[in-house]
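See below for the structure under consideration.
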Amino acid sequence: MNQRQTGLIIVVLSIIMFITLVFLTIELKNAYAELHKTCPLPEGICPFNKALPTLSIFAFIFVILTAAFGIYLIFEKKETSKAKIKELKISLKELNKDEKKILELVADEGAIFQATLAEKAVMSKVKVTRILDTLEGKGLIERKRRGMSNVVILK
């Protein structure tokens, strides 16, 4: 799941929480109105005579902040400097056919297990390991240990 999908899920959950919170606040206000009828305290002092319950206010703030975070995740764009792009283009010209094939597979998947990469590239695991060593040395990919295997990601 990528960052945009995560942001979208957070926004949808925030909307659901907001709607639920509105209905619960309305029910709570109705309950407070019933309790206020039997309250002997004056209207200004009665704890049941509030515009919005305090917990509802905090919950609304939390939902709004959560939705804002989701929106941020959806629309955040990673900045890439012109120098980095130029450096990457130079590096890509220096790659041989097999290195380009491996790099394209990693780019298509985003993150891929090294063994799966060898299967998709139809190459031996040893050859893929050597190619990944070269690409990692050039700063194009990164391998992260996950249990008994490696996950390959673009750097």
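Residues are named by chain letter and number: chains run A, B, ... in the order of the structure tokens, numbers start at 1 in each chain, and ligands are numbered from 1 in the order shown.
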
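Once Arg143 (chain A) and its same-chain neighbours fewer than 3 positions away are set aside, Val106, Ala111, Ile112, Phe113, Gln114, Thr129, Leu132, Asp133, Thr134, Leu135, Glu136, Gly137, Gly139, Leu140, Arg146, Ser149, Asn150, Val151, Val152, Ile153, Leu154 and Lys155 of chain A remain within 12 Å of it when counting only C-alpha atoms.
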
Would you return as a tab-separated table (two decimals) with N, CA and C atoms, in the first residue's frame the members of region 88-147 of chain A that DSSP assigns to helix (DSSP H, G or I) on this structure's backbone?
chain	number	residue	atom	x	y	z
A	88	LEU	N	20.97	10.97	-11.78
A	88	LEU	CA	20.30	9.70	-12.05
A	88	LEU	C	20.32	9.38	-13.55
A	89	LYS	N	20.10	10.40	-14.40
A	89	LYS	CA	20.14	10.18	-15.84
A	89	LYS	C	21.52	9.73	-16.30
A	90	ILE	N	22.55	10.32	-15.73
A	90	ILE	CA	23.92	9.93	-16.07
A	90	ILE	C	24.16	8.49	-15.63
A	91	SER	N	23.70	8.13	-14.44
A	91	SER	CA	23.88	6.78	-13.93
A	91	SER	C	23.15	5.76	-14.80
A	92	LEU	N	21.96	6.10	-15.29
A	92	LEU	CA	21.18	5.17	-16.10
A	92	LEU	C	21.86	4.90	-17.44
A	93	LYS	N	22.57	5.87	-17.98
A	93	LYS	CA	23.28	5.67	-19.24
A	93	LYS	C	24.43	4.68	-19.07
A	97	LYS	N	22.34	-3.86	-20.01
A	97	LYS	CA	20.98	-4.33	-20.26
A	97	LYS	C	20.37	-5.02	-19.03
A	98	ASP	N	21.12	-5.91	-18.39
A	98	ASP	CA	20.60	-6.64	-17.23
A	98	ASP	C	20.36	-5.71	-16.04
A	99	GLU	N	21.25	-4.75	-15.84
A	99	GLU	CA	21.08	-3.80	-14.74
A	99	GLU	C	19.84	-2.94	-14.96
A	100	LYS	N	19.61	-2.52	-16.20
A	100	LYS	CA	18.41	-1.74	-16.50
A	100	LYS	C	17.15	-2.57	-16.27
A	101	LYS	N	17.20	-3.85	-16.65
A	101	LYS	CA	16.05	-4.73	-16.47
A	101	LYS	C	15.71	-4.88	-14.98
A	102	ILE	N	16.73	-5.11	-14.16
A	102	ILE	CA	16.52	-5.26	-12.71
A	102	ILE	C	15.98	-3.95	-12.13
A	103	LEU	N	16.56	-2.83	-12.53
A	103	LEU	CA	16.14	-1.52	-12.02
A	103	LEU	C	14.70	-1.22	-12.41
A	104	GLU	N	14.31	-1.57	-13.63
A	104	GLU	CA	12.93	-1.37	-14.07
A	104	GLU	C	11.95	-2.21	-13.25
A	105	LEU	N	12.32	-3.47	-12.98
A	105	LEU	CA	11.46	-4.33	-12.17
A	105	LEU	C	11.27	-3.77	-10.77
A	106	VAL	N	12.36	-3.28	-10.18
A	106	VAL	CA	12.28	-2.69	-8.83
A	106	VAL	C	11.41	-1.43	-8.88
A	107	ALA	N	11.60	-0.62	-9.92
A	107	ALA	CA	10.82	0.62	-10.04
A	107	ALA	C	9.33	0.31	-10.22
A	108	ASP	N	9.00	-0.72	-10.99
A	108	ASP	CA	7.60	-1.08	-11.22
A	108	ASP	C	6.93	-1.56	-9.94
A	109	GLU	N	7.64	-2.32	-9.15
A	109	GLU	CA	7.06	-2.90	-7.93
A	109	GLU	C	7.12	-1.93	-6.74
A	114	GLN	N	14.12	-10.01	-3.01
A	114	GLN	CA	15.22	-10.32	-3.91
A	114	GLN	C	14.96	-11.63	-4.66
A	115	ALA	N	14.42	-12.63	-3.99
A	115	ALA	CA	14.13	-13.91	-4.64
A	115	ALA	C	13.05	-13.74	-5.72
A	116	THR	N	12.03	-12.94	-5.44
A	116	THR	CA	10.98	-12.68	-6.42
A	116	THR	C	11.56	-11.93	-7.62
A	117	LEU	N	12.48	-11.04	-7.35
A	117	LEU	CA	13.14	-10.28	-8.42
A	117	LEU	C	13.89	-11.23	-9.36
A	118	ALA	N	14.58	-12.21	-8.80
A	118	ALA	CA	15.31	-13.18	-9.62
A	118	ALA	C	14.34	-13.98	-10.49
A	119	GLU	N	13.19	-14.35	-9.93
A	119	GLU	CA	12.19	-15.10	-10.70
A	119	GLU	C	11.63	-14.25	-11.84
A	120	LYS	N	11.26	-13.00	-11.55
A	120	LYS	CA	10.66	-12.14	-12.57
A	120	LYS	C	11.65	-11.76	-13.65
A	121	ALA	N	12.93	-11.64	-13.29
A	121	ALA	CA	13.96	-11.28	-14.26
A	121	ALA	C	14.44	-12.50	-15.04
A	125	LYS	N	19.85	-16.44	-8.96
A	125	LYS	CA	19.93	-15.61	-7.75
A	125	LYS	C	21.31	-14.98	-7.60
A	126	VAL	N	22.34	-15.73	-8.00
A	126	VAL	CA	23.71	-15.22	-7.90
A	126	VAL	C	23.89	-14.01	-8.81
A	127	LYS	N	23.40	-14.12	-10.06
A	127	LYS	CA	23.53	-13.02	-11.00
A	127	LYS	C	22.77	-11.79	-10.51
A	128	VAL	N	21.57	-12.01	-9.98
A	128	VAL	CA	20.78	-10.89	-9.46
A	128	VAL	C	21.49	-10.25	-8.28
A	129	THR	N	22.08	-11.06	-7.41
A	129	THR	CA	22.82	-10.52	-6.27
A	129	THR	C	23.98	-9.65	-6.73
A	130	ARG	N	24.71	-10.10	-7.73
A	130	ARG	CA	25.84	-9.31	-8.25
A	130	ARG	C	25.35	-8.00	-8.88
A	131	ILE	N	24.26	-8.08	-9.63
A	131	ILE	CA	23.71	-6.87	-10.24
A	131	ILE	C	23.24	-5.90	-9.16
A	132	LEU	N	22.58	-6.43	-8.12
A	132	LEU	CA	22.12	-5.58	-7.03
A	132	LEU	C	23.29	-4.96	-6.28
A	133	ASP	N	24.39	-5.70	-6.14
A	133	ASP	CA	25.59	-5.13	-5.53
A	133	ASP	C	26.07	-3.91	-6.32
A	134	THR	N	26.07	-4.05	-7.66
A	134	THR	CA	26.50	-2.95	-8.52
A	134	THR	C	25.57	-1.75	-8.40
A	135	LEU	N	24.26	-2.03	-8.47
A	135	LEU	CA	23.27	-0.94	-8.39
A	135	LEU	C	23.31	-0.26	-7.02
A	136	GLU	N	23.53	-1.06	-6.00
A	136	GLU	CA	23.62	-0.48	-4.64
A	136	GLU	C	24.87	0.37	-4.52
A	137	GLY	N	25.96	-0.07	-5.13
A	137	GLY	CA	27.20	0.71	-5.13
A	137	GLY	C	27.05	2.04	-5.84

With a distance cut-off of 12 Å and only C-alpha atoms, select the neighbouring residues of Ile19 (chain A), excluding the residue or stretch itself and same-chain residues fewer than 6 positions from it, and output the selection as a list in words.
->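 Returned residues: Val12, Leu13, Thr25, Ile26, Ala59, Phe60, Val63 and Ile64 of chain A.
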
Mind giving me the straight-line distance from CA of Leu65 (chain A) to CA of Val22 (chain A) in Å, one decimal?
-> 16.1 Å

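Distances to Phe58 (chain A) were evaluated for A:Ile74, A:Lys29, A:Leu21, A:Thr38 using only C-alpha atoms, and the minimum falls at A:Leu21.
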
re CA of Thr6 (chain A) and CA of Ile71 (chain A): distance 9.9 Å

Members of region 98-152 of chain A assigned strand (DSSP E) by DSSP, as a list in words |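 Result set for region 98-152 of chain A (strand (DSSP E)): Ala111, Ile112, Phe113, Ile141, Glu142, Arg143, Lys144, Arg145, Arg146, Ser149, Asn150, Val151 and Val152 of chain A.
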
Keeping N, CA and C atoms, export the residues of the selection given above as a short mmCIF file (atom, residue, chain, number, x, y, z; two decimals), in the first residue's frame.
data_model
loop_
_atom_site.label_atom_id
_atom_site.label_comp_id
_atom_site.auth_asym_id
_atom_site.auth_seq_id
_atom_site.Cartn_x
_atom_site.Cartn_y
_atom_site.Cartn_z
N ALA A 111 8.78 -1.99 -4.11
CA ALA A 111 9.56 -2.80 -3.17
C ALA A 111 9.32 -4.25 -3.55
N ILE A 112 10.39 -5.01 -3.64
CA ILE A 112 10.26 -6.41 -4.08
C ILE A 112 11.30 -7.26 -3.36
N PHE A 113 10.92 -8.47 -3.03
CA PHE A 113 11.86 -9.39 -2.41
C PHE A 113 12.90 -9.79 -3.46
N ILE A 141 19.71 1.68 -5.68
CA ILE A 141 18.77 0.85 -4.93
C ILE A 141 19.31 0.65 -3.51
N GLU A 142 18.45 0.09 -2.69
CA GLU A 142 18.83 -0.22 -1.31
C GLU A 142 18.21 -1.56 -0.96
N ARG A 143 18.98 -2.40 -0.26
CA ARG A 143 18.46 -3.68 0.21
C ARG A 143 18.28 -3.62 1.71
N LYS A 144 17.12 -4.09 2.16
CA LYS A 144 16.85 -4.12 3.60
C LYS A 144 16.55 -5.56 3.99
N ARG A 145 17.13 -5.97 5.07
CA ARG A 145 16.96 -7.34 5.55
C ARG A 145 15.56 -7.51 6.11
N ARG A 146 14.85 -8.53 5.67
CA ARG A 146 13.51 -8.88 6.17
C ARG A 146 13.50 -10.38 6.41
N SER A 149 15.32 -13.04 4.01
CA SER A 149 15.55 -12.51 2.67
C SER A 149 15.70 -10.99 2.69
N ASN A 150 15.92 -10.43 1.53
CA ASN A 150 16.10 -8.98 1.39
C ASN A 150 14.95 -8.39 0.61
N VAL A 151 14.58 -7.17 0.98
CA VAL A 151 13.62 -6.39 0.20
C VAL A 151 14.45 -5.34 -0.54
N VAL A 152 14.19 -5.22 -1.83
CA VAL A 152 14.93 -4.27 -2.66
C VAL A 152 14.01 -3.10 -2.94
#

For each of A:Met148, A:Met17, A:Leu73, A:Cys39, take the minimum atom-to-atom distance to Ile61 (chain A), counting only C-alpha atoms, then give the residue where this is smallest.
->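 Counting only C-alpha atoms, the residue closest to Ile61 (chain A) is A:Met17.
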
Pick from A:Cys46, A:Ala51, A:Leu28, A:Ala67 nearest to Ser14 (chain A), counting only C-alpha atoms | A:Ala67

Separating CA of Ile9 (chain A) from CA of Phe75 (chain A), to the nearest tenth of an Å, is a gap of 13.4 Å
